[in-house]
Amino acid sequence: MTRKKQVRKRKTKQVIFFLVLIIVAGIVGFLVYDAYFKDNKKKEVETEKVEEKEETKEEVEEETREESRKKEVIEENWEIKKEDGVRVIDENDPNNSETVTGYISNSGVKGDYYKIMVVTEQALSEGECKLELENGDATITETAEVTAHPNSASCSFKIDNEKVLEGKHTAKITITTTGDRSGIITGEVEK
């Protein structure tokens, strides 16, 4: 072989050797890089899971503390005391009041009727509500039975739509119970 061919052959071998070396180095580098980041990704995922568990645990503890605070506030507001083994509730409890209080919860036209709903702040088992609806010189009087609810009561009035004039009305609802309790609820309604 001539010298040129030998040099060329050697150079070709060197180029091939360096190419193989670069490819092997690239594969090894990729494997190291991949293994390193896979471990970091696993660690990140595990860290996120631990943080989520800690946050969830903290949220549950916070909710438990919040519920305890609410119970304490309720007990403080109601000022529950024990005297002679009997549970006594503070007179601020609306159910201990002799006067029935409440509000007009809604009013409006529904079909052929003008309806007014009154809700009491006391739990009443039975009684009667008397409505006086005034608009200038016109007065409409209706009665309804008390409807009992667990923590309140209500009265629902259903008046023929033709009887109620357009405009603002003053509503006066007198509530009487079979016991000694009574009260007057007033408010303004509009048709």
# chains A, B, ... in the order shown; residues from 1 in each chain; ligands from 1
$ residues_around --residues "segment 135-140 of chain A" --least-positions-apart "3" --cutoff "8 Å" --atoms "only C-alpha atoms" --output "ChimeraX atom specification"
/A:131-132,163-165,167-170
$ write_last_selection --atoms "C-alpha atoms" --output "compact mmCIF listing (two decimals), in the first residue's frame"
# COMPACT_ATOMS: atom_id res chain seq x y z
CA LEU A 131 -103.13 39.81 59.01
CA GLU A 132 -104.24 43.42 58.54
CA LYS A 163 -108.60 42.30 46.48
CA VAL A 164 -105.05 43.64 46.77
CA LEU A 165 -104.40 47.05 45.19
CA GLY A 167 -98.53 49.70 45.41
CA LYS A 168 -97.06 49.59 48.89
CA HIS A 169 -99.00 48.14 51.82
CA THR A 170 -98.44 48.10 55.56
$ closest_atom_pairs --of "segment 140-173 of chain A" --to "segment 114-127 of chain A" --cutoff "6 Å" --atoms "only C-alpha atoms" --output "JSON lines"
{"residue": "A:Val146", "atom": "CA", "partner": "A:Gly127", "partner_atom": "CA", "distance": 5.1}
{"residue": "A:Ala148", "atom": "CA", "partner": "A:Ser125", "partner_atom": "CA", "distance": 5.1}
{"residue": "A:Asn151", "atom": "CA", "partner": "A:Ala123", "partner_atom": "CA", "distance": 4.9}
{"residue": "A:Ser152", "atom": "CA", "partner": "A:Ala123", "partner_atom": "CA", "distance": 4.0}
{"residue": "A:Ala153", "atom": "CA", "partner": "A:Thr120", "partner_atom": "CA", "distance": 5.2}
{"residue": "A:Ser154", "atom": "CA", "partner": "A:Val119", "partner_atom": "CA", "distance": 4.3}
{"residue": "A:Cys155", "atom": "CA", "partner": "A:Val118", "partner_atom": "CA", "distance": 5.2}
{"residue": "A:Ser156", "atom": "CA", "partner": "A:Met117", "partner_atom": "CA", "distance": 4.6}
{"residue": "A:Phe157", "atom": "CA", "partner": "A:Ile116", "partner_atom": "CA", "distance": 5.1}
{"residue": "A:Lys158", "atom": "CA", "partner": "A:Lys115", "partner_atom": "CA", "distance": 4.7}
{"residue": "A:Ile159", "atom": "CA", "partner": "A:Tyr114", "partner_atom": "CA", "distance": 5.2}
{"residue": "A:Asn161", "atom": "CA", "partner": "A:Tyr114", "partner_atom": "CA", "distance": 5.1}
$ closest_residue --among "A:Thr174, A:Tyr103, A:Thr147, A:Lys110" --to "Gly187 of chain A" --atoms "only C-alpha atoms"
A:Tyr103
$ residues_around --residues "Gly183 of chain A" --least-positions-apart "6" --cutoff "7 Å" --atoms "only C-alpha atoms" --output "PyMOL selection string"
chain A and resi 99-101+174-176
$ write_last_selection --atoms "N, CA and C atoms" --output "PDB file, in the first residue's frame"
ATOM      1  N   THR A  99     -92.973  37.285  74.350  1.00  0.00           N
ATOM      2  CA  THR A  99     -93.370  38.002  73.142  1.00  0.00           C
ATOM      3  C   THR A  99     -92.893  37.248  71.911  1.00  0.00           C
ATOM      4  N   VAL A 100     -93.801  37.008  70.992  1.00  0.00           N
ATOM      5  CA  VAL A 100     -93.462  36.339  69.741  1.00  0.00           C
ATOM      6  C   VAL A 100     -92.893  37.382  68.785  1.00  0.00           C
ATOM      7  N   THR A 101     -91.718  37.098  68.228  1.00  0.00           N
ATOM      8  CA  THR A 101     -91.078  38.010  67.278  1.00  0.00           C
ATOM      9  C   THR A 101     -90.845  37.269  65.970  1.00  0.00           C
ATOM     10  N   THR A 174    -100.725  39.838  63.798  1.00  0.00           N
ATOM     11  CA  THR A 174    -100.850  39.559  65.228  1.00  0.00           C
ATOM     12  C   THR A 174    -100.855  38.047  65.405  1.00  0.00           C
ATOM     13  N   ILE A 175     -99.903  37.569  66.198  1.00  0.00           N
ATOM     14  CA  ILE A 175     -99.771  36.127  66.412  1.00  0.00           C
ATOM     15  C   ILE A 175    -100.163  35.816  67.850  1.00  0.00           C
ATOM     16  N   THR A 176    -101.066  34.864  67.995  1.00  0.00           N
ATOM     17  CA  THR A 176    -101.451  34.407  69.331  1.00  0.00           C
ATOM     18  C   THR A 176    -101.310  32.893  69.380  1.00  0.00           C
TER      19      THR A 176
END
$ decode --residues "segment 102-141 of chain A" --atoms "N, CA and C atoms" --output "mmCIF file, in the first residue's frame"
data_model
loop_
_atom_site.group_PDB
_atom_site.id
_atom_site.type_symbol
_atom_site.label_atom_id
_atom_site.label_comp_id
_atom_site.auth_asym_id
_atom_site.auth_seq_id
_atom_site.Cartn_x
_atom_site.Cartn_y
_atom_site.Cartn_z
ATOM 1 N N GLY A 102 -90.603 38.024 64.915
ATOM 2 C CA GLY A 102 -90.364 37.416 63.618
ATOM 3 C C GLY A 102 -90.253 38.452 62.525
ATOM 4 N N TYR A 103 -90.490 38.017 61.301
ATOM 5 C CA TYR A 103 -90.335 38.905 60.147
ATOM 6 C C TYR A 103 -91.172 38.379 58.984
ATOM 7 N N ILE A 104 -91.415 39.257 58.035
ATOM 8 C CA ILE A 104 -92.102 38.874 56.798
ATOM 9 C C ILE A 104 -91.013 38.353 55.869
ATOM 10 N N SER A 105 -91.080 37.060 55.579
ATOM 11 C CA SER A 105 -89.994 36.459 54.799
ATOM 12 C C SER A 105 -90.152 36.685 53.304
ATOM 13 N N ASN A 106 -91.375 36.666 52.806
ATOM 14 C CA ASN A 106 -91.570 36.966 51.392
ATOM 15 C C ASN A 106 -93.029 37.320 51.124
ATOM 16 N N SER A 107 -93.223 37.974 50.005
ATOM 17 C CA SER A 107 -94.577 38.342 49.567
ATOM 18 C C SER A 107 -94.541 38.512 48.066
ATOM 19 N N GLY A 108 -95.680 38.269 47.432
ATOM 20 C CA GLY A 108 -95.738 38.442 45.988
ATOM 21 C C GLY A 108 -96.915 37.719 45.374
ATOM 22 N N VAL A 109 -97.120 37.977 44.096
ATOM 23 C CA VAL A 109 -98.218 37.376 43.353
ATOM 24 C C VAL A 109 -97.787 36.000 42.871
ATOM 25 N N LYS A 110 -98.651 35.027 43.098
ATOM 26 C CA LYS A 110 -98.427 33.680 42.588
ATOM 27 C C LYS A 110 -99.764 33.190 42.047
ATOM 28 N N GLY A 111 -99.842 33.130 40.723
ATOM 29 C CA GLY A 111 -101.093 32.720 40.087
ATOM 30 C C GLY A 111 -102.177 33.759 40.337
ATOM 31 N N ASP A 112 -103.319 33.314 40.857
ATOM 32 C CA ASP A 112 -104.449 34.208 41.126
ATOM 33 C C ASP A 112 -104.407 34.784 42.533
ATOM 34 N N TYR A 113 -103.319 34.570 43.257
ATOM 35 C CA TYR A 113 -103.259 34.976 44.661
ATOM 36 C C TYR A 113 -102.058 35.866 44.945
ATOM 37 N N TYR A 114 -102.245 36.718 45.968
ATOM 38 C CA TYR A 114 -101.146 37.486 46.537
ATOM 39 C C TYR A 114 -100.805 36.786 47.845
ATOM 40 N N LYS A 115 -99.540 36.318 47.979
ATOM 41 C CA LYS A 115 -99.161 35.532 49.140
ATOM 42 C C LYS A 115 -98.182 36.299 50.018
ATOM 43 N N ILE A 116 -98.352 36.124 51.331
ATOM 44 C CA ILE A 116 -97.448 36.709 52.312
ATOM 45 C C ILE A 116 -97.056 35.600 53.276
ATOM 46 N N MET A 117 -95.755 35.469 53.533
ATOM 47 C CA MET A 117 -95.241 34.458 54.469
ATOM 48 C C MET A 117 -94.569 35.175 55.632
ATOM 49 N N VAL A 118 -94.927 34.781 56.852
ATOM 50 C CA VAL A 118 -94.340 35.328 58.069
ATOM 51 C C VAL A 118 -93.646 34.190 58.800
ATOM 52 N N VAL A 119 -92.424 34.450 59.302
ATOM 53 C CA VAL A 119 -91.662 33.449 60.041
ATOM 54 C C VAL A 119 -91.381 33.991 61.436
ATOM 55 N N THR A 120 -91.608 33.152 62.461
ATOM 56 C CA THR A 120 -91.324 33.569 63.838
ATOM 57 C C THR A 120 -89.926 33.114 64.226
ATOM 58 N N GLU A 121 -89.363 33.798 65.217
ATOM 59 C CA GLU A 121 -88.053 33.423 65.734
ATOM 60 C C GLU A 121 -88.180 32.391 66.852
ATOM 61 N N GLN A 122 -89.404 32.063 67.225
ATOM 62 C CA GLN A 122 -89.658 31.083 68.278
ATOM 63 C C GLN A 122 -90.265 29.823 67.668
ATOM 64 N N ALA A 123 -90.003 28.715 68.326
ATOM 65 C CA ALA A 123 -90.637 27.461 67.934
ATOM 66 C C ALA A 123 -92.021 27.434 68.580
ATOM 67 N N LEU A 124 -93.062 27.517 67.759
ATOM 68 C CA LEU A 124 -94.435 27.494 68.249
ATOM 69 C C LEU A 124 -95.098 26.224 67.736
ATOM 70 N N SER A 125 -95.881 25.591 68.589
ATOM 71 C CA SER A 125 -96.522 24.350 68.152
ATOM 72 C C SER A 125 -97.881 24.605 67.521
ATOM 73 N N GLU A 126 -98.609 25.573 68.039
ATOM 74 C CA GLU A 126 -99.911 25.896 67.447
ATOM 75 C C GLU A 126 -100.290 27.320 67.805
ATOM 76 N N GLY A 127 -101.237 27.847 67.060
ATOM 77 C CA GLY A 127 -101.688 29.216 67.270
ATOM 78 C C GLY A 127 -102.341 29.758 66.015
ATOM 79 N N GLU A 128 -102.576 31.080 66.028
ATOM 80 C CA GLU A 128 -103.254 31.726 64.909
ATOM 81 C C GLU A 128 -102.570 33.042 64.584
ATOM 82 N N CYS A 129 -102.565 33.374 63.308
ATOM 83 C CA CYS A 129 -102.020 34.642 62.838
ATOM 84 C C CYS A 129 -103.143 35.430 62.182
ATOM 85 N N LYS A 130 -103.210 36.722 62.515
ATOM 86 C CA LYS A 130 -104.222 37.602 61.919
ATOM 87 C C LYS A 130 -103.481 38.702 61.164
ATOM 88 N N LEU A 131 -103.771 38.824 59.872
ATOM 89 C CA LEU A 131 -103.128 39.813 59.012
ATOM 90 C C LEU A 131 -104.064 40.976 58.775
ATOM 91 N N GLU A 132 -103.541 42.195 58.937
ATOM 92 C CA GLU A 132 -104.240 43.416 58.541
ATOM 93 C C GLU A 132 -103.346 44.097 57.505
ATOM 94 N N LEU A 133 -103.811 44.120 56.261
ATOM 95 C CA LEU A 133 -103.049 44.684 55.154
ATOM 96 C C LEU A 133 -103.694 46.004 54.768
ATOM 97 N N GLU A 134 -102.981 47.115 54.985
ATOM 98 C CA GLU A 134 -103.534 48.457 54.752
ATOM 99 C C GLU A 134 -102.832 49.140 53.595
ATOM 100 N N ASN A 135 -103.665 49.808 52.764
ATOM 101 C CA ASN A 135 -103.167 50.630 51.667
ATOM 102 C C ASN A 135 -104.078 51.850 51.622
ATOM 103 N N GLY A 136 -103.628 52.928 52.258
ATOM 104 C CA GLY A 136 -104.476 54.112 52.334
ATOM 105 C C GLY A 136 -105.692 53.827 53.190
ATOM 106 N N ASP A 137 -106.897 53.958 52.611
ATOM 107 C CA ASP A 137 -108.134 53.717 53.351
ATOM 108 C C ASP A 137 -108.581 52.259 53.286
ATOM 109 N N ALA A 138 -108.014 51.471 52.374
ATOM 110 C CA ALA A 138 -108.431 50.076 52.211
ATOM 111 C C ALA A 138 -107.677 49.169 53.180
ATOM 112 N N THR A 139 -108.414 48.288 53.859
ATOM 113 C CA THR A 139 -107.811 47.315 54.781
ATOM 114 C C THR A 139 -108.353 45.930 54.459
ATOM 115 N N ILE A 140 -107.455 44.971 54.347
ATOM 116 C CA ILE A 140 -107.830 43.577 54.111
ATOM 117 C C ILE A 140 -107.434 42.799 55.360
ATOM 118 N N THR A 141 -108.344 41.953 55.854
ATOM 119 C CA THR A 141 -108.069 41.141 57.037
ATOM 120 C C THR A 141 -108.163 39.668 56.663
#
